[in-house]
Amino acid sequence: MGQNMQMAEEIRSQQDVILKSWIAFQLSGLTLRRDLLKESELRESSRQFLEMFSEAFAVTADCDAPAWKPAKDNLAEISRGRALQGFSPSETAMFVFSLKQPLFDLAQQRAGHDGKRLAEIFWDLTALLDKLGLYTTEVYQESREAVIHRQQQELMELSTPVVQLWDEVLALPLIGTLDSNRTQVVMENLLQRVVETGARIAIIDITGVPTVDTLVAQHLMKTVAATRLMGADCIISGIRPQIAQTIVHLGVNLSDIITKATLADAFQIALQRLGATVSKAASAT
Amino acid sequence: MERIPILKMGPYLLVTIQVDMHDRVAMTLQDELTERIVSERAQGVLLDISSVDVVDSFIGRMIGNIASMSRVLDAETVVVGMRPAVAITLVELGLALPSIRTALNVDAGMTLLKSSRKTSHNGRSPR
């Protein structure tokens, strides 16, 4: 790899020139987001990366080697930062790919008219930079997925509140589609609260559930069954006319479960069962 | 050999399961309980499973069986204190046990037994 050595030397000695043209390429590119990134920041991160790049390149051109670790870590950090700032994947990858032109220029200067040599250097550089570019995109993807995952979890926790309506009466207003994961969380939350509050009646309100298919109905029935096993009764309320139609068309059997059209009706039943009454203060004659 | 004690409280029998429910233990309990219901002429059984935190399908079925057997012997069974995790497990196993009656704790279970004795006992009485 003596050739690499020479090339690396060259890169290091010409660092300022390369950096200048690299940054010029990045700045001229349509893909640079000037609204998200300051020029000084770009300059600084480019300089850092180029230093690490030339150091690692002096050792080997194989970017899977341990010598490349600092450079790759640096790249990963940049990629992650850009992912969070809202750069697109290609905008992020351009950081690496725009380094091609300055390096090719340098190689051309060095190799002169030796075509074979030039081709070799070009091939090495292309393979290397492509790998680094792909790596950048991978890290970008990962950090985006991490964001999505976190949001999913936050959403899950946000959307399953269990509220106490009365002594021994709990309500669980469900909003959004019920899938297996959510059902699990909903069920656990509800049962936990039943234990904590010693509730005798739990009302599941599905006004906010957009569609009820067989799967959702099955999940609901599971929740009701589990609540019953704990020793509390379950009422399902907030069934909209369309949903009632769908349930019957699907042939789902909800006859073992007490269902009410509105939360108010369900609450009234709950109070009746507890032997409590609510009446208006002085309205009756 | 572990045994589960069966306590007599007035006309009712109180069974508190505080050990791991092995299959053998469960079988013994089933034997002893049915015999005691007959010998004590018990009117109700209170099965407290609040310290059980692991169940499998066999134990789930046993609980259902015990309830059915007592009903044949004219004693109501109320299962009390089931933990959330146990309830979820049973439902996921497909053992929703629709025939058994449940209550949140021993207190509520006892109230349920007493009230069901007053009303005529035709299946599930209103709670």
# chains A, B, ... in the order shown; residues from 1 in each chain; ligands from 1

$ select_by_dssp --residues "chain B" --states "strand (DSSP E or B)" --output "list in words"
Ile6, Leu7, Lys8, Met9, Tyr12, Leu13, Leu14, Val15, Thr16, Gly44, Val45, Leu46, Leu47, Asp48, Glu76, Thr77, Val78, Val79, Val80, Arg101, Thr102 and Ala103 of chain B

$ residues_around --residues "Val17 in chain A" --least-positions-apart "2" --cutoff "12 Å" --atoms "only C-alpha atoms" --output "ChimeraX atom specification"
/A:10-15,19-24,47,50,102-103,105-106

$ write_last_selection --atoms "C-alpha atoms" --output "compact mmCIF listing (two decimals), in the first residue's frame"
# COMPACT_ATOMS: atom_id res chain seq x y z
CA GLU A 10 -0.24 14.33 -0.58
CA ILE A 11 -3.68 14.80 0.96
CA ARG A 12 -2.16 15.91 4.20
CA SER A 13 0.17 18.43 2.60
CA GLN A 14 -2.57 19.76 0.37
CA GLN A 15 -5.16 19.73 3.11
CA LEU A 19 -10.65 21.68 2.19
CA LYS A 20 -11.21 24.88 0.32
CA SER A 21 -12.51 23.24 -2.81
CA TRP A 22 -14.48 20.65 -0.84
CA ILE A 23 -16.30 23.34 1.07
CA ALA A 24 -16.82 25.29 -2.14
CA ARG A 47 -11.81 20.22 8.58
CA LEU A 50 -10.61 15.60 6.51
CA PRO A 102 -11.38 17.51 -4.85
CA LEU A 103 -9.65 14.18 -4.24
CA ASP A 105 -8.49 16.50 -8.92
CA LEU A 106 -5.57 15.88 -6.62

$ interface_residues --of "chain A" --to "chain B" --cutoff "9 Å" --atoms "only C-alpha atoms" --output "list in words"
Gln184, Met187, Glu188, Leu190, Leu191, Gln192, Val194, Val195, Gly198, Ala199, Arg200, Lys222, Thr223, Ala225, Ala226, Thr227, Arg228, Leu229, Met230, Gly231, Ala232, Asp233, Arg273 and Leu274 of chain A

$ write_last_selection --atoms "N, CA and C atoms" --output "CSV table (one decimal), in the first residue's frame"
chain,number,residue,atom,x,y,z
A,184,GLN,N,-52.5,-4.7,25.0
A,184,GLN,CA,-51.7,-5.2,26.1
A,184,GLN,C,-51.5,-4.1,27.1
A,187,MET,N,-54.8,-3.0,28.7
A,187,MET,CA,-55.3,-4.0,29.7
A,187,MET,C,-54.5,-4.0,31.0
A,188,GLU,N,-53.2,-3.9,30.8
A,188,GLU,CA,-52.4,-3.8,32.0
A,188,GLU,C,-52.7,-2.6,32.9
A,190,LEU,N,-55.4,-0.8,33.0
A,190,LEU,CA,-56.7,-0.9,33.5
A,190,LEU,C,-56.8,-1.8,34.7
A,191,LEU,N,-56.2,-3.0,34.6
A,191,LEU,CA,-56.2,-4.0,35.6
A,191,LEU,C,-55.4,-3.5,36.9
A,192,GLN,N,-54.3,-2.8,36.6
A,192,GLN,CA,-53.5,-2.3,37.7
A,192,GLN,C,-54.3,-1.3,38.5
A,194,VAL,N,-57.6,-1.1,38.6
A,194,VAL,CA,-58.7,-1.8,39.3
A,194,VAL,C,-58.2,-2.3,40.7
A,195,VAL,N,-57.0,-2.8,40.7
A,195,VAL,CA,-56.4,-3.3,41.9
A,195,VAL,C,-56.2,-2.1,42.9
A,198,GLY,N,-59.6,-0.5,43.9
A,198,GLY,CA,-60.7,-1.4,44.3
A,198,GLY,C,-62.0,-1.2,43.6
A,199,ALA,N,-61.9,-0.9,42.3
A,199,ALA,CA,-63.1,-0.5,41.5
A,199,ALA,C,-63.9,-1.8,41.3
A,200,ARG,N,-65.2,-1.6,41.2
A,200,ARG,CA,-66.1,-2.7,40.9
A,200,ARG,C,-66.6,-2.6,39.5
A,222,LYS,N,-61.2,-9.6,25.1
A,222,LYS,CA,-60.2,-10.1,26.0
A,222,LYS,C,-60.0,-9.2,27.3
A,223,THR,N,-60.0,-7.9,27.0
A,223,THR,CA,-59.9,-6.9,28.1
A,223,THR,C,-61.1,-7.1,29.1
A,225,ALA,N,-62.9,-9.8,29.5
A,225,ALA,CA,-62.8,-11.1,30.2
A,225,ALA,C,-61.8,-11.0,31.4
A,226,ALA,N,-60.6,-10.3,31.1
A,226,ALA,CA,-59.6,-10.2,32.1
A,226,ALA,C,-60.1,-9.4,33.3
A,227,THR,N,-60.8,-8.3,33.0
A,227,THR,CA,-61.4,-7.5,34.1
A,227,THR,C,-62.4,-8.3,34.9
A,228,ARG,N,-63.2,-9.1,34.2
A,228,ARG,CA,-64.1,-9.9,34.9
A,228,ARG,C,-63.4,-10.9,35.9
A,229,LEU,N,-62.4,-11.5,35.4
A,229,LEU,CA,-61.6,-12.4,36.2
A,229,LEU,C,-61.1,-11.8,37.5
A,230,MET,N,-60.8,-10.5,37.4
A,230,MET,CA,-60.3,-9.7,38.5
A,230,MET,C,-61.4,-9.5,39.5
A,231,GLY,N,-62.6,-9.6,39.1
A,231,GLY,CA,-63.7,-9.4,40.0
A,231,GLY,C,-64.4,-8.0,39.8
A,232,ALA,N,-64.1,-7.4,38.7
A,232,ALA,CA,-64.8,-6.1,38.4
A,232,ALA,C,-65.7,-6.3,37.1
A,233,ASP,N,-66.7,-5.5,37.0
A,233,ASP,CA,-67.6,-5.7,35.8
A,233,ASP,C,-67.1,-4.6,34.8
A,273,ARG,N,-75.9,0.1,39.8
A,273,ARG,CA,-75.4,-1.1,40.4
A,273,ARG,C,-74.8,-0.9,41.8
A,274,LEU,N,-74.2,0.3,41.9
A,274,LEU,CA,-73.6,0.6,43.2
A,274,LEU,C,-74.6,1.1,44.2

$ select_by_dssp --residues "range 57-110 of chain A" --states "alpha helix (DSSP H)" --output "ChimeraX atom specification"
/A:57-59,69-85,89-97,100-110

$ closest_residue --among "B:Ile4, B:Leu47, B:Val38, B:Val25" --to "Val106 in chain B" --atoms "only C-alpha atoms"
B:Leu47

$ residues_around --residues "Met156 in chain A" --least-positions-apart "5" --cutoff "12 Å" --atoms "only C-alpha atoms" --output "VMD selection string"
chain A and resid 149 to 151 161 174 to 186 189

$ write_last_selection --atoms "N, CA and C atoms" --output "CSV table (one decimal), in the first residue's frame"
chain,number,residue,atom,x,y,z
A,149,HIS,N,-39.3,5.3,16.9
A,149,HIS,CA,-39.6,4.4,18.0
A,149,HIS,C,-40.0,5.1,19.3
A,150,ARG,N,-39.2,6.2,19.6
A,150,ARG,CA,-39.5,6.9,20.8
A,150,ARG,C,-40.9,7.6,20.8
A,151,GLN,N,-41.2,8.1,19.6
A,151,GLN,CA,-42.5,8.8,19.4
A,151,GLN,C,-43.6,7.8,19.6
A,161,PRO,N,-55.1,6.6,29.2
A,161,PRO,CA,-55.4,7.1,30.6
A,161,PRO,C,-56.5,6.3,31.2
A,174,LEU,N,-60.8,5.3,25.2
A,174,LEU,CA,-59.9,4.8,24.2
A,174,LEU,C,-59.9,5.7,22.9
A,175,ILE,N,-58.7,6.1,22.5
A,175,ILE,CA,-58.6,7.0,21.3
A,175,ILE,C,-57.6,6.4,20.4
A,176,GLY,N,-58.0,6.2,19.1
A,176,GLY,CA,-57.1,5.7,18.1
A,176,GLY,C,-57.3,4.2,17.9
A,177,THR,N,-56.7,3.6,17.0
A,177,THR,CA,-56.8,2.2,16.6
A,177,THR,C,-56.2,1.3,17.7
A,178,LEU,N,-56.9,0.2,17.9
A,178,LEU,CA,-56.4,-0.8,18.9
A,178,LEU,C,-55.6,-1.8,18.2
A,179,ASP,N,-54.4,-2.0,18.4
A,179,ASP,CA,-53.6,-3.1,17.9
A,179,ASP,C,-53.2,-4.0,19.1
A,180,SER,N,-52.5,-5.1,18.9
A,180,SER,CA,-52.2,-6.0,19.9
A,180,SER,C,-51.3,-5.3,21.0
A,181,ASN,N,-50.3,-4.6,20.6
A,181,ASN,CA,-49.5,-3.9,21.5
A,181,ASN,C,-50.2,-3.0,22.5
A,182,ARG,N,-51.1,-2.2,21.8
A,182,ARG,CA,-51.8,-1.2,22.6
A,182,ARG,C,-52.8,-1.9,23.6
A,183,THR,N,-53.4,-2.9,23.1
A,183,THR,CA,-54.4,-3.7,23.9
A,183,THR,C,-53.7,-4.2,25.2
A,184,GLN,N,-52.5,-4.7,25.0
A,184,GLN,CA,-51.7,-5.2,26.1
A,184,GLN,C,-51.5,-4.1,27.1
A,185,VAL,N,-51.0,-2.9,26.6
A,185,VAL,CA,-50.8,-1.8,27.6
A,185,VAL,C,-52.1,-1.3,28.2
A,186,VAL,N,-53.1,-1.2,27.4
A,186,VAL,CA,-54.4,-0.8,27.9
A,186,VAL,C,-54.9,-1.7,29.0
A,189,ASN,N,-52.8,-1.5,32.2
A,189,ASN,CA,-53.1,-0.2,32.9
A,189,ASN,C,-54.4,-0.3,33.7

$ residues_around --residues "range 6-19 of chain B" --least-positions-apart "5" --cutoff "6 Å" --atoms "only C-alpha atoms" --output "MDAnalysis selection string"
chainID B and resid 42:49 51

$ write_last_selection --atoms "C-alpha atoms" --output "compact mmCIF listing (two decimals), in the first residue's frame"
# COMPACT_ATOMS: atom_id res chain seq x y z
CA ALA B 42 -70.99 -25.84 52.87
CA GLN B 43 -73.05 -23.32 50.97
CA GLY B 44 -70.20 -21.45 49.41
CA VAL B 45 -66.48 -21.59 48.65
CA LEU B 46 -64.18 -18.62 48.64
CA LEU B 47 -61.04 -19.31 46.63
CA ASP B 48 -58.41 -16.69 47.38
CA ILE B 49 -55.64 -16.68 44.78
CA SER B 51 -50.69 -14.81 46.25

$ atom_distance --atom1 "CA of Glu44 in chain A" --atom2 "CA of Arg110 in chain A"
27.0 Å

$ residues_around --residues "Lys260 in chain A" --least-positions-apart "5" --cutoff "7 Å" --atoms "only C-alpha atoms" --output "list in words"
Ile236, Ser237, Gly238, Ile239, Asp265 and Ala266 of chain A

$ closest_residue --among "B:Val52, B:Met21, B:Leu93, B:Ala75" --to "Lys114 in chain B" --atoms "only C-alpha atoms"
B:Ala75

$ residues_around --residues "range 61-65 of chain A" --least-positions-apart "3" --cutoff "10 Å" --atoms "only C-alpha atoms" --output "PyMOL selection string"
chain A and resi 1+4-5+8+53+56-58+68-69+71-72+124-125+127-129+131-132

$ residues_around --residues "Ala202 in chain A" --least-positions-apart "4" --cutoff "6 Å" --atoms "only C-alpha atoms" --output "list in words"
Val169, Leu170, Ala171 and Cys234 of chain A

$ atom_distance --atom1 "CA of Phe95 in chain A" --atom2 "CA of Gly112 in chain A"
27.4 Å
